[in-house]
>>> print(open('protein24.pdb').read())   # PDB, C-alpha atoms
ATOM      1  CA  MET A 298      71.056 107.476 100.960
ATOM      2  CA  ASN A 299      70.050 107.144 104.626
ATOM      3  CA  ASP A 300      67.544 109.438 106.286
ATOM      4  CA  THR A 301      69.690 111.252 108.865
ATOM      5  CA  SER A 302      66.646 111.734 111.103
ATOM      6  CA  THR A 303      66.619 107.929 111.483
ATOM      7  CA  PHE A 304      70.365 107.337 111.608
ATOM      8  CA  THR A 305      71.623 110.216 113.733
ATOM      9  CA  HIS A 306      75.200 108.968 113.743
ATOM     10  CA  LEU A 307      75.508 109.150 109.960
ATOM     11  CA  SER A 308      76.092 112.343 107.998
ATOM     12  CA  ASP A 309      74.239 113.193 104.785
ATOM     13  CA  GLY A 310      77.108 111.448 102.983
ATOM     14  CA  ASP A 311      76.615 108.284 105.087
ATOM     15  CA  GLN A 312      79.816 108.914 107.052
ATOM     16  CA  PRO A 313      79.996 108.238 110.798
ATOM     17  CA  ARG A 314      79.666 111.305 112.979
ATOM     18  CA  MET A 315      79.188 112.261 116.575
ATOM     19  CA  VAL A 316      75.840 113.979 117.045
ATOM     20  CA  ASP A 317      76.020 117.677 117.949
ATOM     21  CA  ILE A 318      74.335 118.077 121.346
ATOM     22  CA  SER A 319      75.278 121.729 121.836
ATOM     23  CA  GLY A 320      71.689 122.883 121.311
ATOM     24  CA  LYS A 321      70.097 120.396 123.699
ATOM     25  CA  THR A 322      68.654 121.435 127.034
ATOM     26  CA  THR A 323      70.645 120.580 130.133
ATOM     27  CA  THR A 324      68.535 118.449 132.474
ATOM     28  CA  LYS A 325      69.017 115.990 135.310
ATOM     29  CA  ARG A 326      69.472 112.499 133.847
ATOM     30  CA  ILE A 327      69.550 109.118 135.542
ATOM     31  CA  ALA A 328      69.974 105.608 134.170
ATOM     32  CA  VAL A 329      69.840 102.270 135.956
ATOM     33  CA  ALA A 330      71.192  99.064 134.411
ATOM     34  CA  GLU A 331      71.748  95.520 135.577
ATOM     35  CA  ALA A 332      73.924  92.536 134.778
ATOM     36  CA  ARG A 333      73.231  88.994 135.967
ATOM     37  CA  VAL A 334      76.006  86.451 136.341
ATOM     38  CA  ALA A 335      75.321  82.755 136.921
ATOM     39  CA  LEU A 336      78.044  81.632 139.327
ATOM     40  CA  GLY A 337      77.394  77.956 139.985
ATOM     41  CA  PRO A 338      76.970  76.412 143.436
ATOM     42  CA  GLU A 339      80.625  76.231 144.543
ATOM     43  CA  LEU A 340      81.455  79.845 143.699
ATOM     44  CA  ALA A 341      78.163  81.188 145.072
ATOM     45  CA  LYS A 342      78.866  79.407 148.372
ATOM     46  CA  GLN A 343      82.421  80.774 148.554
ATOM     47  CA  LEU A 344      81.329  84.343 147.795
ATOM     48  CA  ARG A 345      78.516  84.125 150.328
ATOM     49  CA  GLU A 346      80.934  82.877 153.001
ATOM     50  CA  THR A 347      84.062  84.941 152.306
ATOM     51  CA  GLY A 348      83.406  87.427 149.495
ATOM     52  CA  SER A 349      86.928  86.753 148.245
ATOM     53  CA  THR A 350      89.067  84.571 146.031
ATOM     54  CA  LYS A 351      92.847  84.280 145.935
ATOM     55  CA  LYS A 352      92.809  87.461 143.814
ATOM     56  CA  GLY A 353      91.182  89.454 146.637
ATOM     57  CA  PRO A 354      87.807  90.988 147.496
ATOM     58  CA  VAL A 355      85.579  90.190 144.514
ATOM     59  CA  PHE A 356      82.655  92.571 144.970
ATOM     60  CA  GLN A 357      84.713  95.580 146.039
ATOM     61  CA  THR A 358      86.966  95.156 143.019
ATOM     62  CA  ALA A 359      83.973  94.781 140.679
ATOM     63  CA  VAL A 360      82.384  97.928 142.145
ATOM     64  CA  ILE A 361      85.538  99.940 141.459
ATOM     65  CA  ALA A 362      85.704  98.539 137.909
ATOM     66  CA  GLY A 363      82.075  99.554 137.297
ATOM     67  CA  ILE A 364      82.697 103.095 138.489
ATOM     68  CA  GLN A 365      85.839 103.434 136.374
ATOM     69  CA  ALA A 366      84.057 102.063 133.312
ATOM     70  CA  ALA A 367      81.151 104.503 133.658
ATOM     71  CA  LYS A 368      83.636 107.372 133.703
ATOM     72  CA  ARG A 369      85.403 106.044 130.584
ATOM     73  CA  THR A 370      82.411 104.976 128.478
ATOM     74  CA  SER A 371      83.242 107.361 125.642
ATOM     75  CA  ASP A 372      86.592 105.556 125.286
ATOM     76  CA  TRP A 373      84.746 102.253 124.714
ATOM     77  CA  VAL A 374      81.714 103.313 122.688
ATOM     78  CA  PRO A 375      82.771 105.385 119.662
ATOM     79  CA  MET A 376      79.811 107.772 119.358
ATOM     80  CA  CYS A 377      79.291 108.441 123.083
ATOM     81  CA  HIS A 378      79.992 111.921 124.345
ATOM     82  CA  PRO A 379      82.395 112.291 127.266
ATOM     83  CA  LEU A 380      80.187 113.322 130.179
ATOM     84  CA  ALA A 381      80.784 114.903 133.552
ATOM     85  CA  LEU A 382      79.053 112.365 135.787
ATOM     86  CA  SER A 383      77.437 113.533 138.993
ATOM     87  CA  GLY A 384      77.428 110.089 140.604
ATOM     88  CA  VAL A 385      77.867 106.382 139.985
ATOM     89  CA  ASP A 386      76.595 103.639 142.287
ATOM     90  CA  VAL A 387      77.321  99.950 141.774
ATOM     91  CA  ASP A 388      75.506  97.449 143.979
ATOM     92  CA  ILE A 389      76.147  93.697 143.866
ATOM     93  CA  GLN A 390      73.879  91.205 145.603
ATOM     94  CA  LEU A 391      73.906  87.424 145.673
ATOM     95  CA  GLU A 392      70.577  85.883 144.730
ATOM     96  CA  GLY A 393      70.844  82.116 144.955
ATOM     97  CA  GLU A 394      73.582  81.124 142.515
ATOM     98  CA  HIS A 395      73.540  84.499 140.724
ATOM     99  CA  ALA A 396      75.398  87.755 141.252
ATOM    100  CA  CYS A 397      73.009  90.611 140.463
ATOM    101  CA  ILE A 398      74.810  93.836 139.619
ATOM    102  CA  GLN A 399      72.822  97.065 139.532
ATOM    103  CA  THR A 400      74.349 100.354 138.450
ATOM    104  CA  THR A 401      72.917 103.850 138.751
ATOM    105  CA  VAL A 402      74.523 106.747 136.909
ATOM    106  CA  ARG A 403      73.540 110.417 137.261
ATOM    107  CA  THR A 404      74.469 113.599 135.467
ATOM    108  CA  ILE A 405      73.150 117.051 134.735
ATOM    109  CA  GLY A 406      73.721 117.563 131.048
ATOM    110  CA  PRO A 407      72.457 117.621 127.476
ATOM    111  CA  THR A 408      72.488 113.846 126.864
ATOM    112  CA  GLY A 409      71.587 110.681 128.734
ATOM    113  CA  VAL A 410      73.691 108.244 130.701
ATOM    114  CA  GLU A 411      72.216 104.925 129.551
ATOM    115  CA  MET A 412      75.468 103.822 127.932
ATOM    116  CA  GLU A 413      77.419 104.713 131.067
ATOM    117  CA  ALA A 414      75.104 102.599 133.239
ATOM    118  CA  LEU A 415      75.274  99.669 130.802
ATOM    119  CA  THR A 416      79.055  99.927 130.525
ATOM    120  CA  ALA A 417      79.406 100.020 134.313
ATOM    121  CA  ALA A 418      77.274  96.879 134.684
ATOM    122  CA  SER A 419      79.236  95.115 131.933
ATOM    123  CA  ALA A 420      82.647  95.986 133.392
ATOM    124  CA  ALA A 421      81.580  94.922 136.882
ATOM    125  CA  ALA A 422      80.366  91.567 135.493
ATOM    126  CA  LEU A 423      83.590  91.050 133.536
ATOM    127  CA  THR A 424      85.670  91.905 136.596
ATOM    128  CA  LEU A 425      83.678  89.476 138.714
ATOM    129  CA  TYR A 426      84.431  86.804 136.098
ATOM    130  CA  ASP A 427      88.128  87.682 136.095
ATOM    131  CA  MET A 428      88.341  87.589 139.895
ATOM    132  CA  CYS A 429      86.631  84.174 140.058
ATOM    133  CA  LYS A 430      87.840  82.271 136.984
ATOM    134  CA  SER A 431      90.354  80.291 139.044
ATOM    135  CA  ILE A 432      87.406  78.664 140.824
ATOM    136  CA  THR A 433      85.212  78.106 137.767
ATOM    137  CA  LYS A 434      85.306  79.160 134.164
ATOM    138  CA  GLY A 435      81.681  78.043 133.828
ATOM    139  CA  MET A 436      80.251  81.381 134.959
ATOM    140  CA  VAL A 437      77.811  82.906 132.474
ATOM    141  CA  ILE A 438      77.083  86.595 132.096
ATOM    142  CA  GLU A 439      73.435  85.971 131.297
ATOM    143  CA  SER A 440      72.216  89.471 130.654
ATOM    144  CA  VAL A 441      73.025  93.149 130.649
ATOM    145  CA  ARG A 442      70.055  95.476 130.260
ATOM    146  CA  LEU A 443      68.714  98.937 130.905
ATOM    147  CA  LEU A 444      66.180  98.974 133.726
ATOM    148  CA  GLU A 445      65.294 102.643 133.881
ATOM    149  CA  LYS A 446      66.053 106.006 132.328
ATOM    150  CA  ARG A 447      64.847 109.414 133.500
ATOM    151  CA  GLY A 448      65.244 112.855 131.990
ATOM    152  CA  GLY A 449      65.716 114.282 128.557
ATOM    153  CA  LYS A 450      63.537 114.952 125.557
ATOM    154  CA  SER A 451      62.572 111.313 124.938
ATOM    155  CA  GLY A 452      61.090 111.024 128.425
ATOM    156  CA  ASP A 453      61.284 108.284 130.984
ATOM    157  CA  TYR A 454      61.703 104.562 130.397
ATOM    158  CA  GLN A 455      60.999 101.648 132.713
ATOM    159  CA  ALA A 456      61.805  98.070 131.671
ATOM    160  CA  GLY A 457      59.170  95.406 131.982
ATOM    161  CA  SER A 458      59.768  92.542 134.363
TER     162      SER A 458
END
>>> encode(input="protein24.pdb", output="structure tokens")
Amino acid sequence: MNDTSTFTHLSDGDQPRMVDISGKTTTKRIAVAEARVALGPELAKQLRETGSTKKGPVFQTAVIAGIQAAKRTSDWVPMCHPLALSGVDVDIQLEGEHACIQTTVRTIGPTGVEMEALTAASAAALTLYDMCKSITKGMVIESVRLLEKRGGKSGDYQAGS
């Protein structure tokens, strides 16, 4: 038998469950995540010069995908609660031969938005890949990680470098 204080998404009978957050305090919550995509020299040059491929504007499309994904996280991640998000920002910068995607998600509610920020970064990276695969299929989504979390009972979190 699992200790339900350790495995919050399992019932006493070891069945999956969505945690009841109805008793939690509503607070302002913010999460920041990032994804890094290695593009290769040819694609990095093209995106720096035009920002587009034959499919259209790469970064703008990836930003929209990130925002949509944040709003639909509970459809992707089974135990996530559907949340009313206060704001979603997706920023994409070229750093050498990498696309660096940073997402910031905000809400005022009883549970955090880490999964929404991570999902937004992931969807933006996948969309970037989809928009650019005609140029190179050698792109690598190298990482997706939480950078920062603020608010809630567990306190703040800041990732190390």
>>> closest_atom_pairs(input="protein24.pdb", of="region 328-401 of chain A", to="region 427-447 of chain A", cutoff="9 Å", atoms="only C-alpha atoms", output="tab-separated table")
residue	atom	partner	partner_atom	distance
A:Ala328	CA	A:Lys446	CA	4.4
A:Val329	CA	A:Glu445	CA	5.0
A:Ala330	CA	A:Leu443	CA	4.3
A:Glu331	CA	A:Arg442	CA	5.6
A:Ala332	CA	A:Val441	CA	4.3
A:Arg333	CA	A:Ser440	CA	5.4
A:Val334	CA	A:Ile438	CA	4.4
A:Ala335	CA	A:Val437	CA	5.1
A:Leu336	CA	A:Met436	CA	4.9
A:Gly337	CA	A:Met436	CA	6.7
A:Glu339	CA	A:Ile432	CA	8.1
A:Leu340	CA	A:Ile432	CA	6.7
A:Ser349	CA	A:Met428	CA	8.5
A:Thr350	CA	A:Cys429	CA	6.5
A:Lys351	CA	A:Met428	CA	8.2
A:Lys352	CA	A:Met428	CA	5.9
A:Gly353	CA	A:Met428	CA	7.6
A:Pro354	CA	A:Met428	CA	8.3
A:Val355	CA	A:Met428	CA	6.0
A:Thr358	CA	A:Met428	CA	8.3
A:Ala359	CA	A:Met428	CA	8.5
>>> atom_distance(input="protein24.pdb", atom1="CA of Glu411 (chain A)", atom2="CA of Gly348 (chain A)")
28.8 Å
>>> resolve_selection(input="protein24.pdb", expression="the PyMOL selection byres ((chain A and resi 325) around 9)", output="list in words")
Thr323, Thr324, Arg326, Ile327, Arg403, Thr404, Ile405, Gly406, Pro407, Gly409, Arg447, Gly448 and Gly449 of chain A
>>> resolve_selection(input="protein24.pdb", expression="the PyMOL selection byres ((chain A and resi 413) around 12)", output="ChimeraX atom specification")
/A:326-331,363-374,377-387,400-404,408-412,414-420,442-443,446
>>> atom_distance(input="protein24.pdb", atom1="CA of Cys397 (chain A)", atom2="CA of Ala341 (chain A)")
11.7 Å
>>> residues_near_point(input="protein24.pdb", point="(80.2, 94.7, 140.0)", cutoff="6 Å", atoms="all atoms listed in the file", output="PDB file with C-alpha atoms, keeping the file's coordinate frame")
ATOM      1  CA  PHE A 356      82.655  92.571 144.970  1.00  0.00           C
ATOM      2  CA  ALA A 359      83.973  94.781 140.679  1.00  0.00           C
ATOM      3  CA  VAL A 360      82.384  97.928 142.145  1.00  0.00           C
ATOM      4  CA  GLY A 363      82.075  99.554 137.297  1.00  0.00           C
ATOM      5  CA  ILE A 389      76.147  93.697 143.866  1.00  0.00           C
ATOM      6  CA  ILE A 398      74.810  93.836 139.619  1.00  0.00           C
ATOM      7  CA  ALA A 421      81.580  94.922 136.882  1.00  0.00           C
ATOM      8  CA  ALA A 422      80.366  91.567 135.493  1.00  0.00           C
TER       9      ALA A 422
END
>>> atom_distance(input="protein24.pdb", atom1="CA of Gln455 (chain A)", atom2="CA of Asp388 (chain A)")
18.8 Å
>>> closest_residue(input="protein24.pdb", among="A:Met376, A:Ile361, A:Gln343, A:Ala456", to="Leu391 (chain A)", atoms="all atoms listed in the file")
A:Gln343
>>> closest_residue(input="protein24.pdb", among="A:Gln357, A:Gly310, A:Gly457, A:Gly393", to="Leu425 (chain A)", atoms="all atoms listed in the file")
A:Gln357
>>> build_atoms(input="protein24.pdb", residues="region 437-456 of chain A", atoms="N, CA and C atoms", output="PDB file, in the coordinates of the input")
ATOM      1  N   VAL A 437      78.455  82.384 133.681  1.00  0.00           N
ATOM      2  CA  VAL A 437      77.811  82.906 132.474  1.00  0.00           C
ATOM      3  C   VAL A 437      77.260  84.290 132.774  1.00  0.00           C
ATOM      4  N   ILE A 438      77.705  85.274 132.018  1.00  0.00           N
ATOM      5  CA  ILE A 438      77.083  86.595 132.096  1.00  0.00           C
ATOM      6  C   ILE A 438      75.812  86.466 131.267  1.00  0.00           C
ATOM      7  N   GLU A 439      74.693  86.308 131.961  1.00  0.00           N
ATOM      8  CA  GLU A 439      73.435  85.971 131.297  1.00  0.00           C
ATOM      9  C   GLU A 439      72.765  87.161 130.627  1.00  0.00           C
ATOM     10  N   SER A 440      72.893  88.318 131.240  1.00  0.00           N
ATOM     11  CA  SER A 440      72.216  89.471 130.654  1.00  0.00           C
ATOM     12  C   SER A 440      72.831  90.766 131.145  1.00  0.00           C
ATOM     13  N   VAL A 441      72.718  91.758 130.295  1.00  0.00           N
ATOM     14  CA  VAL A 441      73.025  93.149 130.649  1.00  0.00           C
ATOM     15  C   VAL A 441      71.900  93.947 130.016  1.00  0.00           C
ATOM     16  N   ARG A 442      71.184  94.733 130.823  1.00  0.00           N
ATOM     17  CA  ARG A 442      70.055  95.476 130.260  1.00  0.00           C
ATOM     18  C   ARG A 442      69.799  96.768 131.017  1.00  0.00           C
ATOM     19  N   LEU A 443      69.144  97.681 130.314  1.00  0.00           N
ATOM     20  CA  LEU A 443      68.714  98.937 130.905  1.00  0.00           C
ATOM     21  C   LEU A 443      67.424  98.688 131.665  1.00  0.00           C
ATOM     22  N   LEU A 444      67.384  99.109 132.915  1.00  0.00           N
ATOM     23  CA  LEU A 444      66.180  98.974 133.726  1.00  0.00           C
ATOM     24  C   LEU A 444      65.337 100.236 133.725  1.00  0.00           C
ATOM     25  N   GLU A 445      66.020 101.377 133.728  1.00  0.00           N
ATOM     26  CA  GLU A 445      65.294 102.643 133.881  1.00  0.00           C
ATOM     27  C   GLU A 445      66.124 103.782 133.331  1.00  0.00           C
ATOM     28  N   LYS A 446      65.428 104.778 132.805  1.00  0.00           N
ATOM     29  CA  LYS A 446      66.053 106.006 132.328  1.00  0.00           C
ATOM     30  C   LYS A 446      65.111 107.147 132.640  1.00  0.00           C
ATOM     31  N   ARG A 447      65.650 108.223 133.207  1.00  0.00           N
ATOM     32  CA  ARG A 447      64.847 109.414 133.500  1.00  0.00           C
ATOM     33  C   ARG A 447      65.544 110.657 132.972  1.00  0.00           C
ATOM     34  N   GLY A 448      64.727 111.585 132.469  1.00  0.00           N
ATOM     35  CA  GLY A 448      65.244 112.855 131.990  1.00  0.00           C
ATOM     36  C   GLY A 448      65.413 112.892 130.488  1.00  0.00           C
ATOM     37  N   GLY A 449      65.482 114.095 129.984  1.00  0.00           N
ATOM     38  CA  GLY A 449      65.716 114.282 128.557  1.00  0.00           C
ATOM     39  C   GLY A 449      64.441 114.365 127.748  1.00  0.00           C
ATOM     40  N   LYS A 450      64.634 114.707 126.489  1.00  0.00           N
ATOM     41  CA  LYS A 450      63.537 114.952 125.557  1.00  0.00           C
ATOM     42  C   LYS A 450      62.680 113.705 125.289  1.00  0.00           C
ATOM     43  N   SER A 451      63.317 112.533 125.248  1.00  0.00           N
ATOM     44  CA  SER A 451      62.572 111.313 124.938  1.00  0.00           C
ATOM     45  C   SER A 451      61.744 110.797 126.111  1.00  0.00           C
ATOM     46  N   GLY A 452      61.906 111.416 127.270  1.00  0.00           N
ATOM     47  CA  GLY A 452      61.090 111.024 128.425  1.00  0.00           C
ATOM     48  C   GLY A 452      61.678 109.867 129.202  1.00  0.00           C
ATOM     49  N   ASP A 453      60.844 109.342 130.080  1.00  0.00           N
ATOM     50  CA  ASP A 453      61.284 108.284 130.984  1.00  0.00           C
ATOM     51  C   ASP A 453      61.049 106.912 130.365  1.00  0.00           C
ATOM     52  N   TYR A 454      61.828 105.944 130.855  1.00  0.00           N
ATOM     53  CA  TYR A 454      61.703 104.562 130.397  1.00  0.00           C
ATOM     54  C   TYR A 454      61.798 103.668 131.612  1.00  0.00           C
ATOM     55  N   GLN A 455      60.960 102.664 131.666  1.00  0.00           N
ATOM     56  CA  GLN A 455      60.999 101.648 132.713  1.00  0.00           C
ATOM     57  C   GLN A 455      60.885 100.288 132.043  1.00  0.00           C
ATOM     58  N   ALA A 456      61.847  99.402 132.289  1.00  0.00           N
ATOM     59  CA  ALA A 456      61.805  98.070 131.671  1.00  0.00           C
ATOM     60  C   ALA A 456      60.693  97.243 132.286  1.00  0.00           C
TER      61      ALA A 456
END
